[in-house]
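> Here it is, the structure in full.
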Amino acid sequence: MEVHFYVAASSINSTKANLGKLGIQHRYVFISCCEYFSKLDWQHCHLSGVCALSLFFRILMGDVQELIKKQTINDTMNPRSSSSYYQTYHSLKEIYYWMEEVAQVHSDLLEKIHIGSSYEKRPLYVLKLSKGQGNPKSAIWIDCGIHAREWISPAFCLWFIGHAINMREKDQTMTTLLHHFDFYIMPVINVDGYEYTWRKNLRSNTVCPFVAGKGASPNDCYEIYCGPYPESEPEVKAVARFIRDHKDIIKAYITMHSYSQLVLFPYSYTMKKSKDHDELESLAKKAAKLWFQVTYLFFFSLPCVDLAPGGSDDWAYDLGIKYSFTIELRDTGTYGFLLPPEEIRPTCLEALSAVKEIALHVLQNL
């Protein structure tokens, strides 16, 4: 398909740049002001010239609402003990039921920890995955659902726990990791937003709550609103408090997001590289290569992408957690945040391999 539109010649460079950022194919021709206005039957011309642009596009999703229905229908149809349960998106209410049940059934491995409440007073839970009692072991933190519309993110946290409790005897790598590490898993951080499928929480729309700076906005109507001050939101405050209380044992911080198929590591809020850049880059490469079914990219956050202050991986790294990563799951834009349920299994298998690679590296460097 092709669409034509007209812009002032003085704006052509910025328009082309914006189209390029969006990956939209285009071509343009310069026409005189008189030609342009004769097409519109206007009498006067105050422009020095006009460029006619042609855009080429394809339809990615013919029926968005149908795809949404497909994701939300029968989220309790599969038994919680079945493998198919982990190949479906679930409501927050169902995730709460699942956490309660799985912690009771597998009390030898799982402990449900209440760390606070959201703005709307919904409980915030962390699941501690631990094999054996005794002195605290080194730990790895994994969180999901910071951004509510990224449904594949909580789906991964559920998948990870399901795999650990059901496949640990068959998966020797997981057996080894559970012998040496405790895992703290938070399936949904932004519980209020997830409930309403919003990207931001309901109070102040904060999406970069840890640090403000260039790349964030003080305008609370913007997606990149930084909040009134760091850790202003109760969800962020609860998570930050828990991680600070355990920072001496947490050796890796991994936050799951979508979409883009990227492995990111500090820094995002500054142009400078971290002191551990080379090691983190090497590990990101290894983790990305394991995702063989699709093409994943790896890079540190800058200068490859724009400044993005407030990232929790940057915050965790500056807290002293050396191995801090953001993993952006499938896809690269075909479905975007509306990743179909049939993509959950392959996505989680890929991400699981990457998480295990990171954890093994941490183990070798304790």
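In the structure tokens, the first chain shown is A, the next is B, and so on; residue numbers restart at 1 for each chain, and ligands run from 1 in the order shown.
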Write out as a list in words all residues of segment 67-114 of chain A that backbone DSSP assigns to helix (DSSP H, G or I).

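Matching residues, listed in order: Leu67, Ile68, Lys69, Lys70, Gln71, Thr72, Ser83, Ser84, Tyr85, Tyr86, Gln87, Leu92, Lys93, Glu94, Ile95, Tyr96, Tyr97, Trp98, Met99, Glu100, Glu101, Val102, Ala103, Gln104 and Val105 of chain A.
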
> Could you list, with a cut-off of 12 Å and counting only C-alpha atoms, the residues of segment 67-117 of chain A near segment 125-149 of chain A, each shown with its nearest atom pair and the distance in Å rounded to one decimal, rows sorted by chain and ascending number, as a tab-separated table?


residue	atom	partner	partner_atom	distance
A:Ile68	CA	A:Arg149	CA	11.5
A:Tyr89	CA	A:Arg149	CA	11.8
A:Ser91	CA	A:Ala148	CA	11.4
A:Leu92	CA	A:Ala148	CA	10.6
A:Ile95	CA	A:Tyr125	CA	10.6
A:Tyr96	CA	A:Tyr125	CA	8.8
A:Tyr97	CA	A:Tyr125	CA	11.9
A:Trp98	CA	A:Leu127	CA	11.3
A:Met99	CA	A:Leu127	CA	7.8
A:Glu100	CA	A:Leu127	CA	9.9
A:Glu101	CA	A:Leu127	CA	11.9
A:Val102	CA	A:Leu127	CA	9.8
A:Ala103	CA	A:Leu127	CA	8.0
A:Gln104	CA	A:Leu127	CA	11.6
A:His106	CA	A:Leu129	CA	9.8
A:Ser107	CA	A:Leu129	CA	9.6
A:Asp108	CA	A:Lys131	CA	7.2
A:Leu109	CA	A:Ser130	CA	5.2
A:Leu110	CA	A:Leu129	CA	4.9
A:Glu111	CA	A:Lys128	CA	5.1
A:Lys112	CA	A:Leu127	CA	4.7
A:Ile113	CA	A:Val126	CA	5.1
A:His114	CA	A:Tyr125	CA	4.7
A:Ile115	CA	A:Tyr125	CA	6.0
A:Gly116	CA	A:Tyr125	CA	7.6
A:Ser117	CA	A:Tyr125	CA	8.8

> One decimal, in Å: what's the spacing between atom CA of Tyr222 of chain A and atom CA of Glu120 of chain A?

21.5 Å

> Using 7 Å as the limit and counting only C-alpha atoms, can you tabulate each residue of segment 61-136 of chain A that touches segment 338-348 of chain A, with its shortest atom-to-atom distance in Å and the two atoms involved, as a Markdown table?


| residue | atom | partner | partner_atom | distance |
| --- | --- | --- | --- | --- |
| A:Gln71 | CA | A:Pro341 | CA | 6.3 |
| A:Gln87 | CA | A:Ile344 | CA | 5.6 |
| A:Thr88 | CA | A:Pro341 | CA | 5.7 |
| A:Tyr89 | CA | A:Pro341 | CA | 6.8 |

> Measure the distance from atom CA of Ala316 of chain A to atom CA of Tyr267 of chain A in Å and round it to one decimal.

10.8 Å

> In Å, how far is it from atom CA of Ile254 of chain A to atom CA of Asp276 of chain A?

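Between atom CA of Ile254 of chain A and atom CA of Asp276 of chain A the gap works out to 16.2 Å.
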
> At a cut-off of 10 Å, using only C-alpha atoms, what residues contact Thr326 of chain A? Leave out same-chain residues fewer than 6 positions from it and give the result as a list of chain:residue names.

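Once the nearby chain positions are removed, what remains is A:Ile142, A:Asp143, A:Tyr253, A:Ile254, A:Thr255, A:Met256, A:His257, A:Ser258, A:Leu262, A:Val263, A:Leu264, A:Phe265, A:Pro266, A:Phe300, A:Ser301, A:Gly311, A:Ser312, A:Asp313, A:Asp314.
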
> I need the residues from that last selection saved to file as a short mmCIF file (atom, residue, chain, number, x, y, z; two decimals), in the first residue's frame (with N, CA, C and O atoms), if you can.


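Writing done, so here's selection.cif:
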data_model
loop_
_atom_site.label_atom_id
_atom_site.label_comp_id
_atom_site.auth_asym_id
_atom_site.auth_seq_id
_atom_site.Cartn_x
_atom_site.Cartn_y
_atom_site.Cartn_z
N ILE A 142 14.83 -11.92 40.01
CA ILE A 142 14.18 -11.78 38.71
C ILE A 142 12.83 -11.12 38.92
O ILE A 142 12.02 -11.60 39.73
N ASP A 143 12.58 -10.02 38.23
CA ASP A 143 11.26 -9.40 38.34
C ASP A 143 10.60 -9.29 36.97
O ASP A 143 11.26 -9.26 35.94
N TYR A 253 20.81 -9.29 39.14
CA TYR A 253 19.50 -8.67 39.02
C TYR A 253 19.08 -8.76 37.56
O TYR A 253 19.79 -8.30 36.67
N ILE A 254 17.93 -9.38 37.31
CA ILE A 254 17.43 -9.55 35.94
C ILE A 254 15.99 -9.07 35.90
O ILE A 254 15.14 -9.55 36.66
N THR A 255 15.71 -8.13 35.03
CA THR A 255 14.34 -7.62 34.88
C THR A 255 13.85 -7.93 33.47
O THR A 255 14.55 -7.67 32.49
N MET A 256 12.66 -8.49 33.37
CA MET A 256 12.12 -8.98 32.11
C MET A 256 11.11 -7.98 31.54
O MET A 256 10.21 -7.52 32.25
N HIS A 257 11.29 -7.70 30.26
CA HIS A 257 10.43 -6.73 29.58
C HIS A 257 10.11 -7.21 28.16
O HIS A 257 10.59 -8.25 27.71
N SER A 258 9.30 -6.45 27.47
CA SER A 258 9.07 -6.64 26.04
C SER A 258 8.76 -5.27 25.47
O SER A 258 8.39 -4.35 26.21
N LEU A 262 16.18 -7.84 22.94
CA LEU A 262 17.44 -7.20 23.29
C LEU A 262 17.92 -7.67 24.64
O LEU A 262 17.13 -8.03 25.51
N VAL A 263 19.23 -7.65 24.82
CA VAL A 263 19.84 -7.83 26.14
C VAL A 263 20.56 -6.52 26.46
O VAL A 263 21.49 -6.13 25.77
N LEU A 264 20.10 -5.83 27.49
CA LEU A 264 20.65 -4.53 27.85
C LEU A 264 21.35 -4.63 29.20
O LEU A 264 20.95 -5.40 30.07
N PHE A 265 22.38 -3.82 29.36
CA PHE A 265 23.07 -3.77 30.64
C PHE A 265 23.59 -2.35 30.84
O PHE A 265 23.66 -1.56 29.90
N PRO A 266 23.94 -1.99 32.06
CA PRO A 266 24.30 -0.59 32.37
C PRO A 266 25.44 -0.07 31.49
O PRO A 266 26.35 -0.83 31.16
N PHE A 300 25.07 -2.72 25.29
CA PHE A 300 24.81 -1.90 26.45
C PHE A 300 23.93 -0.76 26.00
O PHE A 300 23.85 -0.45 24.82
N SER A 301 23.27 -0.14 26.93
CA SER A 301 22.16 0.73 26.57
C SER A 301 22.57 1.94 25.76
O SER A 301 21.77 2.49 25.02
N GLY A 311 16.12 3.29 34.74
CA GLY A 311 16.12 1.85 34.57
C GLY A 311 16.53 1.13 35.84
O GLY A 311 17.49 1.52 36.52
N SER A 312 15.80 0.09 36.19
CA SER A 312 16.10 -0.62 37.43
C SER A 312 17.42 -1.38 37.37
O SER A 312 18.05 -1.62 38.40
N ASP A 313 17.87 -1.76 36.16
CA ASP A 313 19.16 -2.43 36.07
C ASP A 313 20.30 -1.47 36.40
O ASP A 313 21.26 -1.85 37.09
N ASP A 314 20.20 -0.22 35.96
CA ASP A 314 21.19 0.79 36.33
C ASP A 314 21.20 1.00 37.84
O ASP A 314 22.25 1.11 38.47
#

> Choose the residue, out of A:Ile250, A:Ile161, A:Pro79, A:Gln172, that has the smallest atom-to-atom separation from Met186 of chain A; count only C-alpha atoms.

A:Ile161

> Find, counting only C-alpha atoms, the residue in A:Gly227, A:Ala359, A:His246, A:Leu352 that gets nearest to Gly310 of chain A.

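Going through A:Gly227, A:Ala359, A:His246, A:Leu352 one by one, the smallest distance to Gly310 of chain A is for A:Gly227.
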
> Determine the nearest neighbour of Tyr225 of chain A from the options A:Gly162, A:Gly193, A:Pro187, A:Pro309, counting only C-alpha atoms.

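Smallest separation from Tyr225 of chain A among the options: A:Pro309.
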
> Segment 214-333 of chain A: which residues are strand (DSSP E) by DSSP, as a PyMOL selection string?

chain A and resi 250-258+262-264+297-298+323-329

> Restricting it to N, CA and C atoms, dump the selection as an mmCIF file, in the first residue's frame.


data_model
loop_
_atom_site.group_PDB
_atom_site.id
_atom_site.type_symbol
_atom_site.label_atom_id
_atom_site.label_comp_id
_atom_site.auth_asym_id
_atom_site.auth_seq_id
_atom_site.Cartn_x
_atom_site.Cartn_y
_atom_site.Cartn_z
ATOM 1 N N ILE A 250 22.335 -10.797 47.088
ATOM 2 C CA ILE A 250 21.863 -10.791 45.699
ATOM 3 C C ILE A 250 23.050 -10.516 44.774
ATOM 4 N N LYS A 251 23.370 -11.491 43.938
ATOM 5 C CA LYS A 251 24.539 -11.404 43.069
ATOM 6 C C LYS A 251 24.180 -11.074 41.615
ATOM 7 N N ALA A 252 22.909 -11.186 41.269
ATOM 8 C CA ALA A 252 22.470 -10.843 39.913
ATOM 9 C C ALA A 252 21.064 -10.282 39.976
ATOM 10 N N TYR A 253 20.811 -9.288 39.137
ATOM 11 C CA TYR A 253 19.498 -8.671 39.023
ATOM 12 C C TYR A 253 19.078 -8.764 37.562
ATOM 13 N N ILE A 254 17.928 -9.382 37.307
ATOM 14 C CA ILE A 254 17.426 -9.550 35.944
ATOM 15 C C ILE A 254 15.987 -9.068 35.900
ATOM 16 N N THR A 255 15.705 -8.127 35.027
ATOM 17 C CA THR A 255 14.343 -7.621 34.876
ATOM 18 C C THR A 255 13.850 -7.927 33.470
ATOM 19 N N MET A 256 12.661 -8.494 33.375
ATOM 20 C CA MET A 256 12.120 -8.981 32.108
ATOM 21 C C MET A 256 11.115 -7.978 31.541
ATOM 22 N N HIS A 257 11.294 -7.696 30.255
ATOM 23 C CA HIS A 257 10.430 -6.730 29.578
ATOM 24 C C HIS A 257 10.111 -7.210 28.163
ATOM 25 N N SER A 258 9.300 -6.445 27.474
ATOM 26 C CA SER A 258 9.073 -6.645 26.041
ATOM 27 C C SER A 258 8.755 -5.266 25.467
ATOM 28 N N LEU A 262 16.185 -7.842 22.938
ATOM 29 C CA LEU A 262 17.439 -7.198 23.286
ATOM 30 C C LEU A 262 17.925 -7.669 24.641
ATOM 31 N N VAL A 263 19.234 -7.646 24.818
ATOM 32 C CA VAL A 263 19.842 -7.830 26.136
ATOM 33 C C VAL A 263 20.555 -6.523 26.460
ATOM 34 N N LEU A 264 20.095 -5.833 27.488
ATOM 35 C CA LEU A 264 20.650 -4.534 27.855
ATOM 36 C C LEU A 264 21.353 -4.628 29.197
ATOM 37 N N LEU A 297 19.546 -9.331 19.720
ATOM 38 C CA LEU A 297 20.671 -8.422 19.697
ATOM 39 C C LEU A 297 21.183 -8.252 21.111
ATOM 40 N N PHE A 298 22.398 -7.805 21.260
ATOM 41 C CA PHE A 298 22.919 -7.471 22.564
ATOM 42 C C PHE A 298 23.616 -6.133 22.443
ATOM 43 N N TYR A 323 26.055 -7.960 38.238
ATOM 44 C CA TYR A 323 25.430 -8.609 37.080
ATOM 45 C C TYR A 323 23.965 -8.181 36.982
ATOM 46 N N SER A 324 23.756 -7.025 36.384
ATOM 47 C CA SER A 324 22.411 -6.458 36.258
ATOM 48 C C SER A 324 22.047 -6.342 34.782
ATOM 49 N N PHE A 325 20.906 -6.928 34.425
ATOM 50 C CA PHE A 325 20.510 -6.987 33.019
ATOM 51 C C PHE A 325 19.018 -6.689 32.859
ATOM 52 N N THR A 326 18.695 -6.089 31.727
ATOM 53 C CA THR A 326 17.315 -5.997 31.250
ATOM 54 C C THR A 326 17.205 -6.882 30.019
ATOM 55 N N ILE A 327 16.236 -7.782 30.011
ATOM 56 C CA ILE A 327 15.996 -8.642 28.855
ATOM 57 C C ILE A 327 14.673 -8.247 28.226
ATOM 58 N N GLU A 328 14.736 -7.837 26.970
ATOM 59 C CA GLU A 328 13.542 -7.501 26.195
ATOM 60 C C GLU A 328 13.160 -8.728 25.369
ATOM 61 N N LEU A 329 11.996 -9.283 25.658
ATOM 62 C CA LEU A 329 11.550 -10.525 25.030
ATOM 63 C C LEU A 329 10.962 -10.275 23.642
#
